[in-house]
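Structure file input.pdb (PDB, C-alpha atoms, pLDDT in the B column) is printed below.
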ATOM      1  CA  MET A 251      72.014  -8.953 -73.588  1.00 77.00           C
ATOM      2  CA  ARG A 252      69.465  -6.460 -74.967  1.00 83.00           C
ATOM      3  CA  ILE A 253      66.126  -5.902 -73.246  1.00 91.00           C
ATOM      4  CA  LEU A 254      63.187  -3.851 -74.471  1.00 91.00           C
ATOM      5  CA  MET A 255      60.851  -2.533 -71.775  1.00 93.00           C
ATOM      6  CA  ILE A 256      57.426  -1.312 -72.918  1.00 94.00           C
ATOM      7  CA  GLU A 257      55.779   0.537 -70.040  1.00 93.00           C
ATOM      8  CA  ASP A 258      53.722   3.746 -69.991  1.00 90.00           C
ATOM      9  CA  ASP A 259      54.645   4.627 -66.394  1.00 91.00           C
ATOM     10  CA  LYS A 260      57.806   6.590 -67.163  1.00 90.00           C
ATOM     11  CA  ASP A 261      59.044   6.723 -63.560  1.00 91.00           C
ATOM     12  CA  LEU A 262      58.691   2.958 -63.141  1.00 90.00           C
ATOM     13  CA  CYS A 263      60.265   2.389 -66.529  1.00 89.00           C
ATOM     14  CA  ARG A 264      63.249   4.569 -65.662  1.00 89.00           C
ATOM     15  CA  ASN A 265      63.789   2.857 -62.302  1.00 91.00           C
ATOM     16  CA  ILE A 266      63.590  -0.663 -63.756  1.00 90.00           C
ATOM     17  CA  CYS A 267      65.877   0.280 -66.638  1.00 89.00           C
ATOM     18  CA  LEU A 268      68.465   1.632 -64.198  1.00 89.00           C
ATOM     19  CA  ALA A 269      68.289  -1.615 -62.208  1.00 90.00           C
ATOM     20  CA  LEU A 270      68.675  -3.698 -65.372  1.00 88.00           C
ATOM     21  CA  GLN A 271      71.604  -1.621 -66.547  1.00 87.00           C
ATOM     22  CA  ALA A 272      73.239  -1.978 -63.129  1.00 87.00           C
ATOM     23  CA  ASN A 273      73.019  -5.742 -63.652  1.00 85.00           C
ATOM     24  CA  GLY A 274      74.745  -5.528 -67.016  1.00 84.00           C
ATOM     25  CA  TYR A 275      71.736  -5.502 -69.360  1.00 86.00           C
ATOM     26  CA  GLU A 276      71.513  -3.111 -72.303  1.00 85.00           C
ATOM     27  CA  THR A 277      68.019  -1.691 -71.991  1.00 88.00           C
ATOM     28  CA  GLU A 278      65.721   0.430 -74.159  1.00 88.00           C
ATOM     29  CA  CYS A 279      62.313   1.829 -73.237  1.00 91.00           C
ATOM     30  CA  CYS A 280      59.099   2.582 -75.107  1.00 91.00           C
ATOM     31  CA  HIS A 281      56.018   4.142 -73.543  1.00 92.00           C
ATOM     32  CA  SER A 282      53.244   3.193 -75.965  1.00 91.00           C
ATOM     33  CA  GLY A 283      52.098   0.047 -77.707  1.00 90.00           C
ATOM     34  CA  ASP A 284      52.617   1.611 -81.128  1.00 90.00           C
ATOM     35  CA  ASP A 285      56.267   2.505 -80.491  1.00 90.00           C
ATOM     36  CA  GLY A 286      56.856  -0.791 -78.705  1.00 90.00           C
ATOM     37  CA  LEU A 287      55.474  -2.812 -81.602  1.00 89.00           C
ATOM     38  CA  PHE A 288      57.703  -0.971 -84.066  1.00 88.00           C
ATOM     39  CA  ALA A 289      60.820  -1.485 -81.937  1.00 85.00           C
ATOM     40  CA  ALA A 290      60.090  -5.155 -81.225  1.00 86.00           C
ATOM     41  CA  ARG A 291      59.385  -5.872 -84.883  1.00 81.00           C
ATOM     42  CA  THR A 292      62.389  -4.074 -86.338  1.00 76.00           C
ATOM     43  CA  GLN A 293      65.157  -4.672 -83.803  1.00 75.00           C
ATOM     44  CA  ALA A 294      66.692  -7.732 -82.189  1.00 74.00           C
ATOM     45  CA  TYR A 295      66.210  -8.163 -78.434  1.00 82.00           C
ATOM     46  CA  ASP A 296      66.846 -11.038 -76.068  1.00 84.00           C
ATOM     47  CA  VAL A 297      63.833 -10.294 -73.839  1.00 91.00           C
ATOM     48  CA  ILE A 298      60.819  -7.979 -73.974  1.00 93.00           C
ATOM     49  CA  LEU A 299      59.213  -6.735 -70.742  1.00 95.00           C
ATOM     50  CA  LEU A 300      55.659  -5.811 -71.652  1.00 95.00           C
ATOM     51  CA  ASP A 301      52.932  -4.003 -69.742  1.00 94.00           C
ATOM     52  CA  ARG A 302      49.348  -4.928 -70.635  1.00 90.00           C
ATOM     53  CA  MET A 303      47.643  -1.559 -70.214  1.00 90.00           C
ATOM     54  CA  LEU A 304      49.316   0.673 -72.799  1.00 92.00           C
ATOM     55  CA  PRO A 305      48.166   3.667 -74.858  1.00 90.00           C
ATOM     56  CA  GLN A 306      47.500   3.237 -78.599  1.00 89.00           C
ATOM     57  CA  ILE A 307      47.857  -0.559 -78.675  1.00 90.00           C
ATOM     58  CA  ASP A 308      47.276  -2.680 -75.558  1.00 92.00           C
ATOM     59  CA  GLY A 309      49.885  -5.221 -74.548  1.00 91.00           C
ATOM     60  CA  LEU A 310      47.948  -8.357 -75.492  1.00 92.00           C
ATOM     61  CA  THR A 311      47.068  -7.059 -78.951  1.00 92.00           C
ATOM     62  CA  MET A 312      50.683  -6.077 -79.488  1.00 91.00           C
ATOM     63  CA  LEU A 313      51.925  -9.483 -78.331  1.00 91.00           C
ATOM     64  CA  GLN A 314      49.514 -11.348 -80.583  1.00 91.00           C
ATOM     65  CA  SER A 315      50.626  -9.209 -83.527  1.00 88.00           C
ATOM     66  CA  LEU A 316      54.288  -9.984 -82.863  1.00 86.00           C
ATOM     67  CA  ARG A 317      53.657 -13.717 -82.709  1.00 85.00           C
ATOM     68  CA  ARG A 318      51.642 -13.647 -85.939  1.00 84.00           C
ATOM     69  CA  GLN A 319      54.566 -11.886 -87.616  1.00 77.00           C
ATOM     70  CA  GLY A 320      56.974 -14.599 -86.474  1.00 73.00           C
ATOM     71  CA  VAL A 321      58.761 -12.594 -83.764  1.00 78.00           C
ATOM     72  CA  GLU A 322      59.739 -15.200 -81.171  1.00 80.00           C
ATOM     73  CA  THR A 323      61.622 -13.029 -78.701  1.00 85.00           C
ATOM     74  CA  PRO A 324      60.794 -14.160 -75.144  1.00 90.00           C
ATOM     75  CA  VAL A 325      58.175 -11.874 -73.600  1.00 93.00           C
ATOM     76  CA  ILE A 326      57.550 -11.352 -69.890  1.00 94.00           C
ATOM     77  CA  LEU A 327      54.220  -9.652 -69.211  1.00 92.00           C
ATOM     78  CA  ALA A 328      54.693  -7.304 -66.254  1.00 89.00           C
ATOM     79  CA  THR A 329      51.291  -6.051 -65.161  1.00 88.00           C
ATOM     80  CA  ALA A 330      49.060  -5.207 -62.219  1.00 87.00           C
ATOM     81  CA  LEU A 331      46.302  -7.475 -63.583  1.00 86.00           C
ATOM     82  CA  ASN A 332      46.446 -10.517 -61.328  1.00 82.00           C
ATOM     83  CA  GLY A 333      43.285 -12.523 -61.972  1.00 86.00           C
ATOM     84  CA  LEU A 334      43.473 -16.137 -63.104  1.00 88.00           C
ATOM     85  CA  GLY A 335      41.777 -15.208 -66.374  1.00 86.00           C
ATOM     86  CA  ASP A 336      44.294 -12.384 -66.900  1.00 85.00           C
ATOM     87  CA  ARG A 337      47.226 -14.738 -66.492  1.00 87.00           C
ATOM     88  CA  VAL A 338      45.683 -17.369 -68.775  1.00 91.00           C
ATOM     89  CA  ASP A 339      44.912 -14.758 -71.447  1.00 90.00           C
ATOM     90  CA  GLY A 340      48.471 -13.428 -71.293  1.00 89.00           C
ATOM     91  CA  LEU A 341      50.110 -16.814 -71.627  1.00 90.00           C
ATOM     92  CA  ASP A 342      47.699 -17.884 -74.382  1.00 89.00           C
ATOM     93  CA  ALA A 343      48.520 -14.688 -76.284  1.00 88.00           C
ATOM     94  CA  GLY A 344      52.143 -15.797 -76.499  1.00 89.00           C
ATOM     95  CA  ALA A 345      53.825 -14.601 -73.309  1.00 91.00           C
ATOM     96  CA  ASP A 346      56.638 -16.748 -71.916  1.00 91.00           C
ATOM     97  CA  ASP A 347      56.102 -15.589 -68.334  1.00 92.00           C
ATOM     98  CA  TYR A 348      53.725 -13.436 -66.287  1.00 92.00           C
ATOM     99  CA  LEU A 349      54.984 -11.137 -63.524  1.00 90.00           C
ATOM    100  CA  VAL A 350      52.562  -9.242 -61.265  1.00 89.00           C
ATOM    101  CA  LYS A 351      53.268  -5.693 -60.126  1.00 88.00           C
ATOM    102  CA  PRO A 352      54.637  -4.665 -57.757  1.00 88.00           C
ATOM    103  CA  PHE A 353      57.568  -7.051 -58.031  1.00 88.00           C
ATOM    104  CA  ALA A 354      61.053  -7.256 -56.569  1.00 89.00           C
ATOM    105  CA  VAL A 355      63.949  -6.550 -58.915  1.00 89.00           C
ATOM    106  CA  GLU A 356      65.558  -9.815 -57.810  1.00 91.00           C
ATOM    107  CA  GLU A 357      62.540 -11.783 -59.007  1.00 91.00           C
ATOM    108  CA  LEU A 358      62.567  -9.961 -62.338  1.00 91.00           C
ATOM    109  CA  MET A 359      66.241 -10.840 -62.824  1.00 91.00           C
ATOM    110  CA  ALA A 360      65.534 -14.492 -62.024  1.00 92.00           C
ATOM    111  CA  ARG A 361      62.694 -14.618 -64.541  1.00 90.00           C
ATOM    112  CA  ILE A 362      64.856 -13.026 -67.228  1.00 90.00           C
ATOM    113  CA  ARG A 363      67.521 -15.653 -66.589  1.00 88.00           C
ATOM    114  CA  ALA A 364      64.887 -18.380 -66.770  1.00 88.00           C
ATOM    115  CA  VAL A 365      63.332 -17.382 -70.109  1.00 86.00           C
ATOM    116  CA  THR A 366      66.722 -16.863 -71.744  1.00 80.00           C
ATOM    117  CA  ARG A 367      67.849 -20.356 -70.675  1.00 76.00           C
ATOM    118  CA  ARG A 368      65.036 -22.006 -72.603  1.00 64.00           C
ATOM    119  CA  PRO A 369      66.169 -23.681 -75.828  1.00 54.00           C
ATOM    120  CA  GLY A 370      64.628 -23.428 -79.238  1.00 44.00           C
ATOM    121  CA  ARG A 371      64.233 -19.676 -79.553  1.00 44.00           C
ATOM    122  CA  MET A 372      65.553 -17.964 -82.650  1.00 39.00           C
ATOM    123  CA  ARG A 373      66.485 -14.299 -82.255  1.00 42.00           C
ATOM    124  CA  ASP A 374      65.555 -13.139 -85.767  1.00 46.00           C
ATOM    125  CA  PRO A 375      68.730 -14.490 -87.421  1.00 45.00           C
ATOM    126  CA  ALA A 376      67.683 -13.593 -90.949  1.00 59.00           C
ATOM    127  CA  ARG A 377      69.694 -10.897 -92.656  1.00 77.00           C
ATOM    128  CA  PRO A 378      67.507  -7.920 -93.549  1.00 85.00           C
ATOM    129  CA  ALA A 379      67.117  -7.833 -97.329  1.00 88.00           C
ATOM    130  CA  ALA A 380      64.975  -6.102 -99.940  1.00 90.00           C
ATOM    131  CA  PHE A 381      65.199  -4.970-103.563  1.00 91.00           C
ATOM    132  CA  GLY A 382      68.240  -7.187-104.112  1.00 92.00           C
ATOM    133  CA  LEU A 383      70.130  -5.580-101.211  1.00 94.00           C
ATOM    134  CA  SER A 384      71.365  -7.693 -98.303  1.00 93.00           C
ATOM    135  CA  LEU A 385      72.855  -6.464 -95.032  1.00 93.00           C
ATOM    136  CA  GLU A 386      74.945  -8.302 -92.460  1.00 89.00           C
ATOM    137  CA  PRO A 387      74.382  -6.081 -89.385  1.00 85.00           C
ATOM    138  CA  GLU A 388      77.129  -7.698 -87.294  1.00 81.00           C
ATOM    139  CA  LYS A 389      79.749  -6.992 -89.965  1.00 87.00           C
ATOM    140  CA  ARG A 390      77.985  -3.841 -91.244  1.00 91.00           C
ATOM    141  CA  LEU A 391      78.430  -5.300 -94.727  1.00 94.00           C
ATOM    142  CA  LEU A 392      76.024  -4.260 -97.499  1.00 95.00           C
ATOM    143  CA  THR A 393      75.806  -6.411-100.631  1.00 94.00           C
ATOM    144  CA  TYR A 394      74.125  -5.961-103.985  1.00 94.00           C
ATOM    145  CA  GLY A 395      74.870  -8.593-106.610  1.00 91.00           C
ATOM    146  CA  ASP A 396      78.636  -9.112-106.734  1.00 91.00           C
ATOM    147  CA  ALA A 397      79.396  -5.739-105.141  1.00 93.00           C
ATOM    148  CA  SER A 398      79.672  -5.011-101.433  1.00 94.00           C
ATOM    149  CA  LEU A 399      80.844  -2.281 -99.107  1.00 94.00           C
ATOM    150  CA  ASN A 400      81.220  -1.619 -95.396  1.00 94.00           C
ATOM    151  CA  LEU A 401      78.986   0.867 -93.633  1.00 93.00           C
ATOM    152  CA  SER A 402      79.484   2.918 -90.509  1.00 93.00           C
ATOM    153  CA  ARG A 403      77.552   1.847 -87.421  1.00 88.00           C
ATOM    154  CA  ARG A 404      74.914   4.559 -87.901  1.00 90.00           C
ATOM    155  CA  GLU A 405      74.605   3.889 -91.635  1.00 93.00           C
ATOM    156  CA  SER A 406      74.149   0.178 -90.959  1.00 92.00           C
ATOM    157  CA  SER A 407      71.442   0.757 -88.336  1.00 89.00           C
ATOM    158  CA  LEU A 408      69.673   3.227 -90.589  1.00 93.00           C
ATOM    159  CA  LEU A 409      69.671   0.893 -93.581  1.00 94.00           C
ATOM    160  CA  GLU A 410      68.582  -2.048 -91.425  1.00 90.00           C
ATOM    161  CA  CYS A 411      65.549  -0.018 -90.354  1.00 89.00           C
ATOM    162  CA  PHE A 412      64.574   0.530 -93.986  1.00 92.00           C
ATOM    163  CA  LEU A 413      65.327  -3.010 -95.155  1.00 91.00           C
ATOM    164  CA  ARG A 414      63.101  -4.469 -92.442  1.00 85.00           C
ATOM    165  CA  ASN A 415      60.299  -2.158 -93.596  1.00 85.00           C
ATOM    166  CA  PRO A 416      60.664  -1.987 -97.389  1.00 87.00           C
ATOM    167  CA  GLY A 417      58.243   0.259 -99.187  1.00 88.00           C
ATOM    168  CA  GLN A 418      56.861   1.661 -95.926  1.00 86.00           C
ATOM    169  CA  THR A 419      56.885   5.325 -94.938  1.00 88.00           C
ATOM    170  CA  LEU A 420      58.818   5.564 -91.684  1.00 88.00           C
ATOM    171  CA  PRO A 421      58.232   8.650 -89.510  1.00 87.00           C
ATOM    172  CA  ARG A 422      61.326  10.608 -88.517  1.00 86.00           C
ATOM    173  CA  ALA A 423      60.727   9.993 -84.806  1.00 81.00           C
ATOM    174  CA  ARG A 424      60.704   6.222 -85.281  1.00 81.00           C
ATOM    175  CA  ILE A 425      63.860   6.271 -87.372  1.00 86.00           C
ATOM    176  CA  LEU A 426      65.622   8.413 -84.775  1.00 83.00           C
ATOM    177  CA  SER A 427      64.515   6.026 -82.018  1.00 76.00           C
ATOM    178  CA  TYR A 428      65.740   2.992 -83.980  1.00 78.00           C
ATOM    179  CA  VAL A 429      69.154   4.400 -84.873  1.00 83.00           C
ATOM    180  CA  TRP A 430      70.002   6.532 -81.850  1.00 80.00           C
ATOM    181  CA  GLY A 431      67.771   5.033 -79.133  1.00 71.00           C
ATOM    182  CA  SER A 432      64.495   6.192 -77.641  1.00 58.00           C
ATOM    183  CA  ALA A 433      66.130   8.284 -74.901  1.00 58.00           C
ATOM    184  CA  ALA A 434      68.744  10.012 -77.067  1.00 64.00           C
ATOM    185  CA  GLU A 435      68.557  13.732 -77.726  1.00 71.00           C
ATOM    186  CA  VAL A 436      69.332  14.014 -81.426  1.00 75.00           C
ATOM    187  CA  GLU A 437      68.930  16.964 -83.740  1.00 76.00           C
ATOM    188  CA  ASP A 438      66.826  16.342 -86.835  1.00 72.00           C
ATOM    189  CA  GLY A 439      69.736  17.469 -88.991  1.00 85.00           C
ATOM    190  CA  ASN A 440      71.728  14.405 -87.934  1.00 88.00           C
ATOM    191  CA  LEU A 441      69.170  12.127 -89.577  1.00 91.00           C
ATOM    192  CA  ASP A 442      69.205  14.203 -92.767  1.00 92.00           C
ATOM    193  CA  ASN A 443      72.993  13.950 -92.898  1.00 93.00           C
ATOM    194  CA  TYR A 444      72.962  10.171 -92.588  1.00 94.00           C
ATOM    195  CA  ILE A 445      70.214   9.879 -95.190  1.00 95.00           C
ATOM    196  CA  TYR A 446      72.526  11.795 -97.531  1.00 95.00           C
ATOM    197  CA  PHE A 447      75.444   9.483 -96.684  1.00 94.00           C
ATOM    198  CA  LEU A 448      73.296   6.402 -97.225  1.00 95.00           C
ATOM    199  CA  ARG A 449      72.012   7.645-100.571  1.00 95.00           C
ATOM    200  CA  ARG A 450      75.595   8.004-101.755  1.00 95.00           C
ATOM    201  CA  ARG A 451      76.397   4.470-100.563  1.00 94.00           C
ATOM    202  CA  LEU A 452      73.432   3.007-102.416  1.00 95.00           C
ATOM    203  CA  ALA A 453      74.348   4.944-105.556  1.00 94.00           C
ATOM    204  CA  SER A 454      77.913   3.595-105.420  1.00 94.00           C
ATOM    205  CA  LEU A 455      76.492   0.055-105.596  1.00 93.00           C
ATOM    206  CA  HIS A 456      74.200   1.024-108.492  1.00 92.00           C
ATOM    207  CA  ALA A 457      71.342  -0.445-106.466  1.00 91.00           C
ATOM    208  CA  PRO A 458      67.931   0.079-108.135  1.00 90.00           C
ATOM    209  CA  VAL A 459      66.422   1.776-105.097  1.00 94.00           C
ATOM    210  CA  LYS A 460      65.786   5.252-103.820  1.00 93.00           C
ATOM    211  CA  LEU A 461      65.360   6.792-100.401  1.00 94.00           C
ATOM    212  CA  THR A 462      62.374   9.038-100.872  1.00 94.00           C
ATOM    213  CA  THR A 463      61.657  12.017 -98.638  1.00 94.00           C
ATOM    214  CA  ILE A 464      58.016  12.040 -97.529  1.00 92.00           C
ATOM    215  CA  HIS A 465      57.666  15.709 -96.666  1.00 91.00           C
ATOM    216  CA  GLY A 466      56.382  16.389 -93.194  1.00 88.00           C
ATOM    217  CA  VAL A 467      56.550  12.701 -92.256  1.00 88.00           C
ATOM    218  CA  GLY A 468      59.839  10.878 -92.852  1.00 90.00           C
ATOM    219  CA  TYR A 469      61.460   8.619 -95.427  1.00 94.00           C
ATOM    220  CA  GLN A 470      60.734   5.526 -97.494  1.00 94.00           C
ATOM    221  CA  LEU A 471      63.005   2.982 -99.188  1.00 94.00           C
ATOM    222  CA  GLU A 472      61.479   1.918-102.493  1.00 92.00           C
ATOM    223  CA  ALA A 473      62.400   0.558-105.896  1.00 90.00           C
ATOM    224  CA  ALA A 474      63.620   3.151-108.358  1.00 85.00           C
ATOM    225  CA  ALA A 475      61.082   4.027-111.043  1.00 74.00           C
ATOM    226  CA  ASP A 476      63.371   2.690-113.793  1.00 63.00           C
ATOM    227  CA  ALA A 477      64.414  -0.439-111.861  1.00 53.00           C
ATOM    228  CA  PRO A 478      63.972  -3.687-113.794  1.00 49.00           C
ATOM    229  CA  ALA A 479      61.379  -6.080-112.406  1.00 46.00           C
ATOM    230  CA  ARG A 480      62.895  -8.882-110.355  1.00 45.00           C
ATOM    231  CA  LYS A 481      61.732 -12.373-111.221  1.00 39.00           C
ATOM    232  CA  GLY A 482      60.253 -14.563-108.512  1.00 38.00           C
TER     233      GLY A 482
END
What do you get writing this file as structure tokens?
Amino acid sequence: MRILMIEDDKDLCRNICLALQANGYETECCHSGDDGLFAARTQAYDVILLDRMLPQIDGLTMLQSLRRQGVETPVILATALNGLGDRVDGLDAGADDYLVKPFAVEELMARIRAVTRRPGRMRDPARPAAFGLSLEPEKRLLTYGDASLNLSRRESSLLECFLRNPGQTLPRARILSYVWGSAAEVEDGNLDNYIYFLRRRLASLHAPVKLTTIHGVGYQLEAAADAPARKG
């Protein structure tokens, strides 16, 4: 089970993540609303633990944005705000549960078990697709028309990031966080190498796309200039 924790208190975040990992949960951390929104929107998680008072984008605004975009991952708001109005606002914004700090780890585990038992939630089952390309992340299978090929784990994660954000300029830091994890220490050259590998893969399928370098920022997946217009 994958859990995303969005919390600006890095010490608290680290301690909770260690406790979750000790209980068998795969856990990732973000420390701002902007990074948390990107991760929650582009990756599949079973539960999101969300603080309300975050830099860049506050927790409620982020939660409302996710729900408008159709992200239905269960969200537990974990916050020091304990007023009745605070709890009502959080639940009305789309939270599945509301946990007041400080809390016991045992209670957090029980609430995670409770929200993941609830039926009717879809964990973003759609295959990422754009520009005629379709990816099956579980199989790491990339398809264009009648042609397909298997990708490495890193290549698959990298392409999934682009396919879920077609035509958007993605900063290097966000790509690195998506593919290698927010806590990983990765040299920039590793990303450049995998961009090169992925370009060769796309060329082998004759896919009408290009991975464009946005100098000083990152990369963008877009339609090739000579690509035929797709109907519909």
Ground truth for the PyMOL selection byres ((chain A and resi 384-399) around 12), written as a PyMOL selection string:
chain A and resi 293-294+374-383+400-414+448+450-459
Can you tell me, as a list in words, what residues are no more than 12 Å from Asp442 in chain A when counting only C-alpha atoms, ignoring any on the same chain fewer than 3 positions away?
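Near Asp442 in chain A, the qualifying residues are Glu405, Leu408, Arg422, Ile425, Leu426, Val436, Glu437, Asp438, Gly439, Ile445, Tyr446, Phe447, Leu448, Arg449, Leu461, Thr462, Thr463, Gly468 and Tyr469 of chain A.
Put simply, CA of Asp285 in chain A is 20.5 Å away from CA of Leu270 in chain A.
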Within 7 Å of range 328-334 of chain A, counting all atoms listed in the file, which residues qualify if same-chain residues fewer than 6 places away don't, as a ChimeraX atom specification?
/A:299-302,348-351
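The interatomic distance for the pair CA of Val297 in chain A and CA of Gly335 in chain A works out to 23.8 Å.
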Given the point (65.7, -9.9, -71.6) in the coordinates of this file, which residues lie within 10 Å, counting only C-alpha atoms, and how would they look as a PyMOL selection string?
chain A and resi 251-255+270+275-277+295-299+323-326+358-359+361-366
Coordinates-based distance that separates CA of Gly431 in chain A from CA of Pro352 in chain A (Å, one decimal):
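Taking CA of Pro352 in chain A as the start and CA of Gly431 in chain A as the end point, the length is 26.9 Å.
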Which residue gives the smallest distance to Asp261 in chain A among A:Cys279, A:Ala345, A:Asn273, A:Gly340, with all atoms listed in the file counted?
A:Cys279
So that I can see what lies close to His465 in chain A, please list as a PyMOL selection string the residues with an atom at most 12 Å from it, counting only C-alpha atoms and leaving out residues fewer than 6 positions away in the same chain.
chain A and resi 419-422
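Counting only C-alpha atoms and comparing A:Val321, A:Ala343, A:Cys280, A:Leu316, the residue that lies closest to Leu304 in chain A is A:Cys280.
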Would you compute, for all listed atoms of range 314-331 of chain A, the axis-aligned bounding box grown by 6 Å on each side, and then report its centre and edge lengths in Å rounded to one decimal, as JSON?
{"center_x": 54.0, "center_y": -10.2, "center_z": -74.9, "size_x": 27.3, "size_y": 22.0, "size_z": 37.4}
For Ala423 in chain A, find every residue with an atom within 9 Å (counting only C-alpha atoms), except residues of its own chain fewer than 4 positions away, and show them as an MDAnalysis selection string.
chainID A and resid 427:428 432 467:468
